[in-house]
file start-v7.cif (mmCIF, N, CA and C atoms)
data_run
#
loop_
_atom_site.label_atom_id
_atom_site.label_comp_id
_atom_site.auth_asym_id
_atom_site.auth_seq_id
_atom_site.Cartn_x
_atom_site.Cartn_y
_atom_site.Cartn_z
N MET A 435 121.67 63.11 122.31
CA MET A 435 121.49 61.67 122.35
C MET A 435 120.11 61.34 121.77
N SER A 436 120.05 60.26 121.02
CA SER A 436 118.77 59.77 120.51
C SER A 436 118.70 58.26 120.72
N VAL A 437 117.50 57.75 120.82
CA VAL A 437 117.29 56.31 120.98
C VAL A 437 116.47 55.82 119.79
N SER A 438 116.58 54.54 119.50
CA SER A 438 115.86 53.97 118.37
C SER A 438 115.37 52.57 118.71
N GLY A 439 114.35 52.17 117.99
CA GLY A 439 113.83 50.82 118.10
C GLY A 439 113.33 50.39 116.74
N ARG A 440 113.44 49.13 116.44
CA ARG A 440 112.95 48.65 115.15
C ARG A 440 112.41 47.24 115.27
N LEU A 441 111.47 46.94 114.42
CA LEU A 441 110.91 45.61 114.30
C LEU A 441 111.05 45.25 112.83
N GLN A 442 111.65 44.10 112.55
CA GLN A 442 111.98 43.72 111.18
C GLN A 442 111.41 42.34 110.87
N GLY A 443 110.59 42.27 109.85
CA GLY A 443 110.05 41.00 109.38
C GLY A 443 110.75 40.59 108.10
N LEU A 444 111.17 39.36 108.00
CA LEU A 444 111.88 38.86 106.82
C LEU A 444 111.20 37.61 106.29
N ILE A 445 111.03 37.57 104.98
CA ILE A 445 110.53 36.36 104.32
C ILE A 445 111.48 36.06 103.16
N GLN A 446 112.15 34.94 103.24
CA GLN A 446 113.08 34.52 102.19
C GLN A 446 112.56 33.22 101.61
N GLY A 447 112.14 33.25 100.36
CA GLY A 447 111.62 32.06 99.72
C GLY A 447 112.71 31.02 99.49
N GLY A 448 112.30 29.80 99.33
CA GLY A 448 113.25 28.71 99.07
C GLY A 448 113.77 28.76 97.65
N ILE A 449 114.85 28.06 97.41
CA ILE A 449 115.46 27.97 96.08
C ILE A 449 114.59 27.08 95.21
N ARG A 450 114.34 27.54 94.00
CA ARG A 450 113.59 26.74 93.03
C ARG A 450 114.55 26.21 91.98
N GLY A 451 114.35 24.98 91.60
CA GLY A 451 115.23 24.38 90.61
C GLY A 451 116.38 23.65 91.27
N ALA A 452 117.22 23.07 90.47
CA ALA A 452 118.36 22.31 90.98
C ALA A 452 119.46 22.29 89.95
N ASN A 453 120.67 22.19 90.42
CA ASN A 453 121.83 22.05 89.54
C ASN A 453 122.17 20.56 89.51
N PRO A 454 122.12 19.92 88.36
CA PRO A 454 122.38 18.49 88.29
C PRO A 454 123.83 18.11 88.66
N ASP A 455 124.73 19.09 88.67
CA ASP A 455 126.12 18.80 89.03
C ASP A 455 126.31 18.71 90.55
N LEU A 456 125.31 19.16 91.32
CA LEU A 456 125.42 19.11 92.77
C LEU A 456 124.69 17.88 93.30
N ASN A 457 125.30 17.22 94.27
CA ASN A 457 124.73 16.01 94.85
C ASN A 457 124.28 16.32 96.28
N PRO A 458 122.97 16.41 96.53
CA PRO A 458 122.48 16.73 97.88
C PRO A 458 122.90 15.70 98.94
N ALA A 459 123.18 14.47 98.52
CA ALA A 459 123.62 13.46 99.47
C ALA A 459 125.05 13.72 99.95
N MET A 460 125.82 14.47 99.18
CA MET A 460 127.21 14.75 99.53
C MET A 460 127.36 16.08 100.30
N VAL A 461 126.55 17.07 99.93
CA VAL A 461 126.66 18.40 100.52
C VAL A 461 125.27 18.86 100.91
N ILE A 462 125.06 19.15 102.18
CA ILE A 462 123.72 19.51 102.67
C ILE A 462 123.20 20.81 102.05
N THR A 463 124.10 21.71 101.69
CA THR A 463 123.68 22.98 101.10
C THR A 463 123.21 22.83 99.66
N ALA A 464 123.44 21.69 99.03
CA ALA A 464 122.96 21.44 97.68
C ALA A 464 121.50 20.96 97.67
N ASP A 465 120.96 20.67 98.84
CA ASP A 465 119.56 20.25 98.96
C ASP A 465 118.69 21.50 99.06
N THR A 466 117.91 21.78 98.02
CA THR A 466 117.13 23.01 97.97
C THR A 466 116.02 23.06 99.02
N SER A 467 115.67 21.94 99.62
CA SER A 467 114.66 21.97 100.68
C SER A 467 115.22 22.59 101.97
N ASN A 468 116.54 22.80 102.01
CA ASN A 468 117.19 23.45 103.16
C ASN A 468 117.39 24.95 102.90
N SER A 469 116.43 25.58 102.24
CA SER A 469 116.55 27.02 101.96
C SER A 469 115.22 27.69 102.24
N GLY A 470 115.28 28.97 102.54
CA GLY A 470 114.10 29.76 102.81
C GLY A 470 113.78 29.81 104.30
N TYR A 471 113.18 30.93 104.71
CA TYR A 471 112.83 31.11 106.12
C TYR A 471 111.90 32.30 106.29
N ASP A 472 111.26 32.37 107.43
CA ASP A 472 110.51 33.53 107.90
C ASP A 472 111.11 33.92 109.25
N ALA A 473 111.28 35.20 109.49
CA ALA A 473 111.89 35.63 110.75
C ALA A 473 111.32 36.97 111.19
N LEU A 474 111.33 37.20 112.48
CA LEU A 474 110.95 38.47 113.08
C LEU A 474 112.05 38.87 114.05
N ASN A 475 112.64 40.05 113.82
CA ASN A 475 113.74 40.54 114.65
C ASN A 475 113.36 41.87 115.30
N ALA A 476 113.98 42.18 116.42
CA ALA A 476 113.80 43.46 117.09
C ALA A 476 115.17 44.05 117.38
N GLY A 477 115.26 45.38 117.30
CA GLY A 477 116.51 46.06 117.59
C GLY A 477 116.28 47.29 118.44
N PHE A 478 117.21 47.55 119.34
CA PHE A 478 117.16 48.71 120.23
C PHE A 478 118.53 49.37 120.20
N GLY A 479 118.55 50.69 120.07
CA GLY A 479 119.84 51.35 119.97
C GLY A 479 119.82 52.79 120.44
N PHE A 480 120.99 53.40 120.35
CA PHE A 480 121.11 54.81 120.68
C PHE A 480 122.25 55.42 119.87
N ASN A 481 122.19 56.72 119.68
CA ASN A 481 123.23 57.50 119.02
C ASN A 481 123.65 58.62 119.97
N ILE A 482 124.93 58.88 120.01
CA ILE A 482 125.45 59.99 120.83
C ILE A 482 126.19 60.94 119.91
N TYR A 483 125.79 62.20 119.96
CA TYR A 483 126.48 63.24 119.20
C TYR A 483 126.95 64.28 120.21
N ALA A 484 128.24 64.30 120.45
CA ALA A 484 128.86 65.25 121.37
C ALA A 484 130.04 65.89 120.65
N PRO A 485 129.82 67.01 119.92
CA PRO A 485 130.88 67.59 119.09
C PRO A 485 132.14 67.95 119.86
N GLU A 486 131.99 68.35 121.11
CA GLU A 486 133.18 68.72 121.89
C GLU A 486 133.98 67.47 122.28
N LEU A 487 133.28 66.43 122.67
CA LEU A 487 133.94 65.21 123.13
C LEU A 487 134.42 64.33 121.97
N LEU A 488 133.58 64.17 120.95
CA LEU A 488 133.90 63.26 119.85
C LEU A 488 134.46 63.96 118.62
N LYS A 489 134.72 65.23 118.71
CA LYS A 489 135.35 66.01 117.63
C LYS A 489 134.58 65.89 116.30
N GLY A 490 133.26 66.13 116.35
CA GLY A 490 132.46 66.11 115.14
C GLY A 490 131.99 64.73 114.71
N ALA A 491 132.15 63.73 115.54
CA ALA A 491 131.73 62.37 115.19
C ALA A 491 130.49 61.99 115.99
N ARG A 492 129.79 60.99 115.48
CA ARG A 492 128.62 60.46 116.17
C ARG A 492 128.87 58.98 116.45
N LEU A 493 128.56 58.55 117.64
CA LEU A 493 128.74 57.16 118.05
C LEU A 493 127.37 56.48 118.09
N GLY A 494 127.25 55.35 117.43
CA GLY A 494 125.99 54.61 117.39
C GLY A 494 126.16 53.20 117.92
N PHE A 495 125.10 52.70 118.54
CA PHE A 495 125.10 51.35 119.12
C PHE A 495 123.72 50.75 118.90
N GLU A 496 123.66 49.47 118.50
CA GLU A 496 122.38 48.78 118.40
C GLU A 496 122.55 47.33 118.83
N TYR A 497 121.57 46.85 119.57
CA TYR A 497 121.48 45.44 119.96
C TYR A 497 120.23 44.87 119.30
N ALA A 498 120.39 43.83 118.48
CA ALA A 498 119.27 43.21 117.78
C ALA A 498 119.19 41.73 118.16
N LEU A 499 117.97 41.24 118.27
CA LEU A 499 117.79 39.84 118.63
C LEU A 499 116.63 39.25 117.84
N PRO A 500 116.72 37.97 117.52
CA PRO A 500 115.63 37.30 116.81
C PRO A 500 114.49 37.00 117.79
N LEU A 501 113.27 37.39 117.43
CA LEU A 501 112.10 37.07 118.25
C LEU A 501 111.47 35.76 117.83
N GLN A 502 111.49 35.49 116.53
CA GLN A 502 110.89 34.29 115.98
C GLN A 502 111.64 33.90 114.71
N GLN A 503 111.86 32.59 114.53
CA GLN A 503 112.52 32.08 113.32
C GLN A 503 111.84 30.78 112.90
N ASN A 504 111.46 30.70 111.65
CA ASN A 504 110.89 29.49 111.09
C ASN A 504 111.74 29.11 109.88
N LEU A 505 112.66 28.18 110.08
CA LEU A 505 113.61 27.79 109.04
C LEU A 505 113.12 26.55 108.31
N ASN A 506 113.34 26.52 107.01
CA ASN A 506 113.01 25.33 106.22
C ASN A 506 114.20 24.38 106.21
N GLY A 507 113.97 23.14 106.57
CA GLY A 507 115.03 22.14 106.52
C GLY A 507 116.11 22.37 107.55
N VAL A 508 117.33 21.99 107.22
CA VAL A 508 118.49 22.08 108.11
C VAL A 508 119.23 23.38 107.81
N GLN A 509 119.18 24.33 108.76
CA GLN A 509 119.86 25.61 108.62
C GLN A 509 120.30 26.09 110.00
N LEU A 510 121.27 26.99 110.00
CA LEU A 510 121.69 27.60 111.26
C LEU A 510 120.76 28.74 111.62
N LYS A 511 120.38 28.84 112.89
CA LYS A 511 119.54 29.94 113.35
C LYS A 511 120.39 31.19 113.55
N ASN A 512 119.75 32.34 113.41
CA ASN A 512 120.43 33.61 113.70
C ASN A 512 120.51 33.81 115.20
N GLN A 513 121.51 34.56 115.63
CA GLN A 513 121.70 34.87 117.04
C GLN A 513 121.66 36.38 117.23
N ASP A 514 121.85 36.82 118.46
CA ASP A 514 121.89 38.24 118.77
C ASP A 514 123.02 38.92 118.02
N VAL A 515 122.82 40.20 117.68
CA VAL A 515 123.82 40.97 116.95
C VAL A 515 124.02 42.31 117.65
N ILE A 516 125.28 42.69 117.82
CA ILE A 516 125.62 44.01 118.37
C ILE A 516 126.34 44.78 117.27
N THR A 517 125.87 45.98 117.00
CA THR A 517 126.47 46.83 115.99
C THR A 517 126.93 48.13 116.65
N VAL A 518 128.19 48.47 116.44
CA VAL A 518 128.77 49.72 116.96
C VAL A 518 129.36 50.46 115.78
N GLY A 519 129.07 51.75 115.68
CA GLY A 519 129.60 52.52 114.56
C GLY A 519 130.03 53.90 114.98
N LEU A 520 130.99 54.44 114.26
CA LEU A 520 131.49 55.81 114.46
C LEU A 520 131.36 56.51 113.12
N GLN A 521 130.63 57.61 113.11
CA GLN A 521 130.34 58.31 111.86
C GLN A 521 130.81 59.75 111.98
N TYR A 522 131.60 60.18 110.99
CA TYR A 522 132.07 61.55 110.96
C TYR A 522 131.17 62.39 110.06
N SER A 523 130.92 63.61 110.46
CA SER A 523 130.15 64.53 109.62
C SER A 523 131.06 65.67 109.17
N PHE A 524 130.85 66.11 107.95
CA PHE A 524 131.67 67.17 107.39
C PHE A 524 130.86 68.42 107.19
#
call {"tool": "encode", "arguments": {"input": "start-v7.cif", "output": "structure tokens"}}
result
Amino acid sequence: MSVSGRLQGLIQGGIRGANPDLNPAMVITADTSNSGYDALNAGFGFNIYAPELLKGARLGFEYALPLQQNLNGVQLKNQDVITVGLQYSF
């Protein structure tokens, strides 16, 4: 068994420019001021490798959560994420 932890910083710049065929008054996603963000996430997980029980597979689990989010304009915030995986080794 192993455990893991991670800290992830993300910087996504806003969209530059505009498409004249899109009308920001009609569709909120066409407004370029509603793009870009800064975020800090943390994740905690574990892996289990039990060849007798899992027949050569490894089971992984991670729980990640946003610690800080700074969104530009109108955007949906990220929420907690659970990741479960099964990996076979040859």
call {"tool": "resolve_selection", "arguments": {"input": "start-v7.cif", "expression": "the PyMOL selection byres ((chain A and resi 494-506) around 6.5)", "output": "NGL selection string"}}
result
:A and (467-482 or 492-493 or 507-509 or 512-521)
call {"tool": "axis_aligned_box", "arguments": {"input": "start-v7.cif", "around": "range 471-479 of chain A", "padding_each_side": "5 Å", "output": "AutoDock Vina command-line options"}}
result
--center_x 115.2 --center_y 41.9 --center_z 112.6 --size_x 19.3 --size_y 31.9 --size_z 25.7
call {"tool": "select_by_dssp", "arguments": {"input": "start-v7.cif", "residues": "chain A", "states": "alpha helix (DSSP H)", "output": "list in words"}}
result
Pro485, Glu486, Leu487 and Leu488 of chain A
call {"tool": "atom_distance", "arguments": {"input": "start-v7.cif", "atom1": "CA of Arg450 in chain A", "atom2": "CA of Thr466 in chain A"}}
result
7.1 Å
call {"tool": "atom_distance", "arguments": {"input": "start-v7.cif", "atom1": "CA of Ile445 in chain A", "atom2": "atom N of Met460 in chain A"}}
result
27.2 Å
call {"tool": "select_by_dssp", "arguments": {"input": "start-v7.cif", "residues": "chain A", "states": "strand (DSSP E)", "output": "JSON, numbers by chain"}}
result
{"A": [436, 437, 438, 439, 440, 441, 442, 443, 444, 445, 446, 471, 472, 473, 474, 475, 476, 477, 478, 479, 480, 481, 482, 483, 491, 492, 493, 494, 495, 496, 497, 498, 499, 500, 501, 502, 503, 504, 505, 515, 516, 517, 518, 519, 520, 521, 522]}
call {"tool": "atom_distance", "arguments": {"input": "start-v7.cif", "atom1": "CA of Lys489 in chain A", "atom2": "CA of Gly439 in chain A"}}
result
26.3 Å
call {"tool": "residues_around", "arguments": {"input": "start-v7.cif", "residues": "Asp465 in chain A", "least_positions_apart": "6", "cutoff": "10 Å", "atoms": "only C-alpha atoms", "output": "VMD selection string"}}
result
chain A and resid 449 452 to 453 456 to 459 507 to 508
call {"tool": "decode", "arguments": {"input": "start-v7.cif", "residues": "range 436-479 of chain A", "atoms": "N, CA and C atoms", "output": "short mmCIF file (atom, residue, chain, number, x, y, z; two decimals), in the first residue's frame"}}
result
data_model
loop_
_atom_site.label_atom_id
_atom_site.label_comp_id
_atom_site.auth_asym_id
_atom_site.auth_seq_id
_atom_site.Cartn_x
_atom_site.Cartn_y
_atom_site.Cartn_z
N SER A 436 0.48 2.24 -0.73
CA SER A 436 1.18 3.53 -0.73
C SER A 436 0.16 4.65 -0.62
N VAL A 437 0.59 5.77 -0.08
CA VAL A 437 -0.28 6.94 0.04
C VAL A 437 0.35 8.08 -0.76
N SER A 438 -0.48 9.02 -1.15
CA SER A 438 0.01 10.15 -1.94
C SER A 438 -0.71 11.43 -1.53
N GLY A 439 -0.06 12.52 -1.81
CA GLY A 439 -0.65 13.84 -1.60
C GLY A 439 -0.13 14.76 -2.68
N ARG A 440 -0.94 15.70 -3.08
CA ARG A 440 -0.49 16.65 -4.10
C ARG A 440 -1.11 18.01 -3.87
N LEU A 441 -0.40 19.01 -4.30
CA LEU A 441 -0.86 20.38 -4.28
C LEU A 441 -0.70 20.88 -5.71
N GLN A 442 -1.76 21.41 -6.29
CA GLN A 442 -1.77 21.79 -7.70
C GLN A 442 -2.20 23.24 -7.84
N GLY A 443 -1.35 24.04 -8.46
CA GLY A 443 -1.68 25.42 -8.76
C GLY A 443 -1.98 25.57 -10.24
N LEU A 444 -3.05 26.24 -10.58
CA LEU A 444 -3.45 26.42 -11.98
C LEU A 444 -3.65 27.90 -12.28
N ILE A 445 -3.12 28.32 -13.42
CA ILE A 445 -3.36 29.67 -13.91
C ILE A 445 -3.80 29.55 -15.36
N GLN A 446 -5.02 29.94 -15.64
CA GLN A 446 -5.56 29.90 -17.00
C GLN A 446 -5.88 31.33 -17.41
N GLY A 447 -5.16 31.83 -18.39
CA GLY A 447 -5.39 33.19 -18.85
C GLY A 447 -6.72 33.33 -19.56
N GLY A 448 -7.20 34.53 -19.63
CA GLY A 448 -8.47 34.80 -20.32
C GLY A 448 -8.31 34.74 -21.83
N ILE A 449 -9.41 34.64 -22.52
CA ILE A 449 -9.43 34.61 -23.98
C ILE A 449 -9.14 36.01 -24.50
N ARG A 450 -8.25 36.08 -25.48
CA ARG A 450 -7.95 37.36 -26.12
C ARG A 450 -8.59 37.37 -27.50
N GLY A 451 -9.15 38.51 -27.85
CA GLY A 451 -9.79 38.61 -29.15
C GLY A 451 -11.27 38.28 -29.05
N ALA A 452 -11.95 38.36 -30.16
CA ALA A 452 -13.38 38.10 -30.19
C ALA A 452 -13.78 37.64 -31.57
N ASN A 453 -14.82 36.85 -31.63
CA ASN A 453 -15.38 36.41 -32.90
C ASN A 453 -16.59 37.32 -33.18
N PRO A 454 -16.59 38.08 -34.25
CA PRO A 454 -17.69 39.00 -34.52
C PRO A 454 -19.03 38.28 -34.78
N ASP A 455 -18.98 36.98 -35.06
CA ASP A 455 -20.23 36.24 -35.29
C ASP A 455 -20.93 35.86 -33.99
N LEU A 456 -20.23 35.99 -32.86
CA LEU A 456 -20.82 35.65 -31.57
C LEU A 456 -21.33 36.91 -30.88
N ASN A 457 -22.51 36.81 -30.29
CA ASN A 457 -23.12 37.94 -29.61
C ASN A 457 -23.10 37.68 -28.11
N PRO A 458 -22.25 38.38 -27.34
CA PRO A 458 -22.18 38.16 -25.90
C PRO A 458 -23.49 38.44 -25.16
N ALA A 459 -24.35 39.26 -25.75
CA ALA A 459 -25.64 39.54 -25.12
C ALA A 459 -26.59 38.34 -25.23
N MET A 460 -26.34 37.46 -26.19
CA MET A 460 -27.20 36.29 -26.39
C MET A 460 -26.68 35.04 -25.66
N VAL A 461 -25.36 34.90 -25.61
CA VAL A 461 -24.75 33.71 -25.02
C VAL A 461 -23.64 34.16 -24.08
N ILE A 462 -23.74 33.81 -22.81
CA ILE A 462 -22.78 34.28 -21.81
C ILE A 462 -21.36 33.77 -22.08
N THR A 463 -21.24 32.60 -22.71
CA THR A 463 -19.92 32.06 -22.99
C THR A 463 -19.21 32.78 -24.14
N ALA A 464 -19.91 33.62 -24.88
CA ALA A 464 -19.30 34.40 -25.95
C ALA A 464 -18.64 35.67 -25.41
N ASP A 465 -18.87 35.98 -24.14
CA ASP A 465 -18.26 37.15 -23.51
C ASP A 465 -16.88 36.75 -22.99
N THR A 466 -15.82 37.25 -23.61
CA THR A 466 -14.47 36.84 -23.26
C THR A 466 -14.04 37.28 -21.86
N SER A 467 -14.76 38.21 -21.25
CA SER A 467 -14.43 38.59 -19.87
C SER A 467 -14.83 37.49 -18.87
N ASN A 468 -15.58 36.49 -19.34
CA ASN A 468 -15.97 35.35 -18.50
C ASN A 468 -15.03 34.16 -18.71
N SER A 469 -13.74 34.44 -18.90
CA SER A 469 -12.78 33.35 -19.10
C SER A 469 -11.53 33.63 -18.27
N GLY A 470 -10.83 32.57 -17.94
CA GLY A 470 -9.61 32.68 -17.16
C GLY A 470 -9.87 32.51 -15.67
N TYR A 471 -8.86 31.97 -14.97
CA TYR A 471 -8.99 31.75 -13.54
C TYR A 471 -7.63 31.41 -12.93
N ASP A 472 -7.55 31.51 -11.63
CA ASP A 472 -6.43 31.02 -10.82
C ASP A 472 -7.04 30.07 -9.79
N ALA A 473 -6.38 28.95 -9.55
CA ALA A 473 -6.93 27.97 -8.61
C ALA A 473 -5.81 27.23 -7.89
N LEU A 474 -6.10 26.77 -6.70
CA LEU A 474 -5.20 25.94 -5.90
C LEU A 474 -6.00 24.74 -5.43
N ASN A 475 -5.54 23.54 -5.79
CA ASN A 475 -6.23 22.30 -5.43
C ASN A 475 -5.32 21.41 -4.60
N ALA A 476 -5.91 20.55 -3.79
CA ALA A 476 -5.16 19.56 -3.02
C ALA A 476 -5.78 18.19 -3.26
N GLY A 477 -4.93 17.17 -3.27
CA GLY A 477 -5.41 15.80 -3.46
C GLY A 477 -4.73 14.85 -2.50
N PHE A 478 -5.48 13.87 -2.03
CA PHE A 478 -4.98 12.85 -1.11
C PHE A 478 -5.45 11.50 -1.64
N GLY A 479 -4.54 10.53 -1.68
CA GLY A 479 -4.93 9.24 -2.24
C GLY A 479 -4.12 8.08 -1.70
#
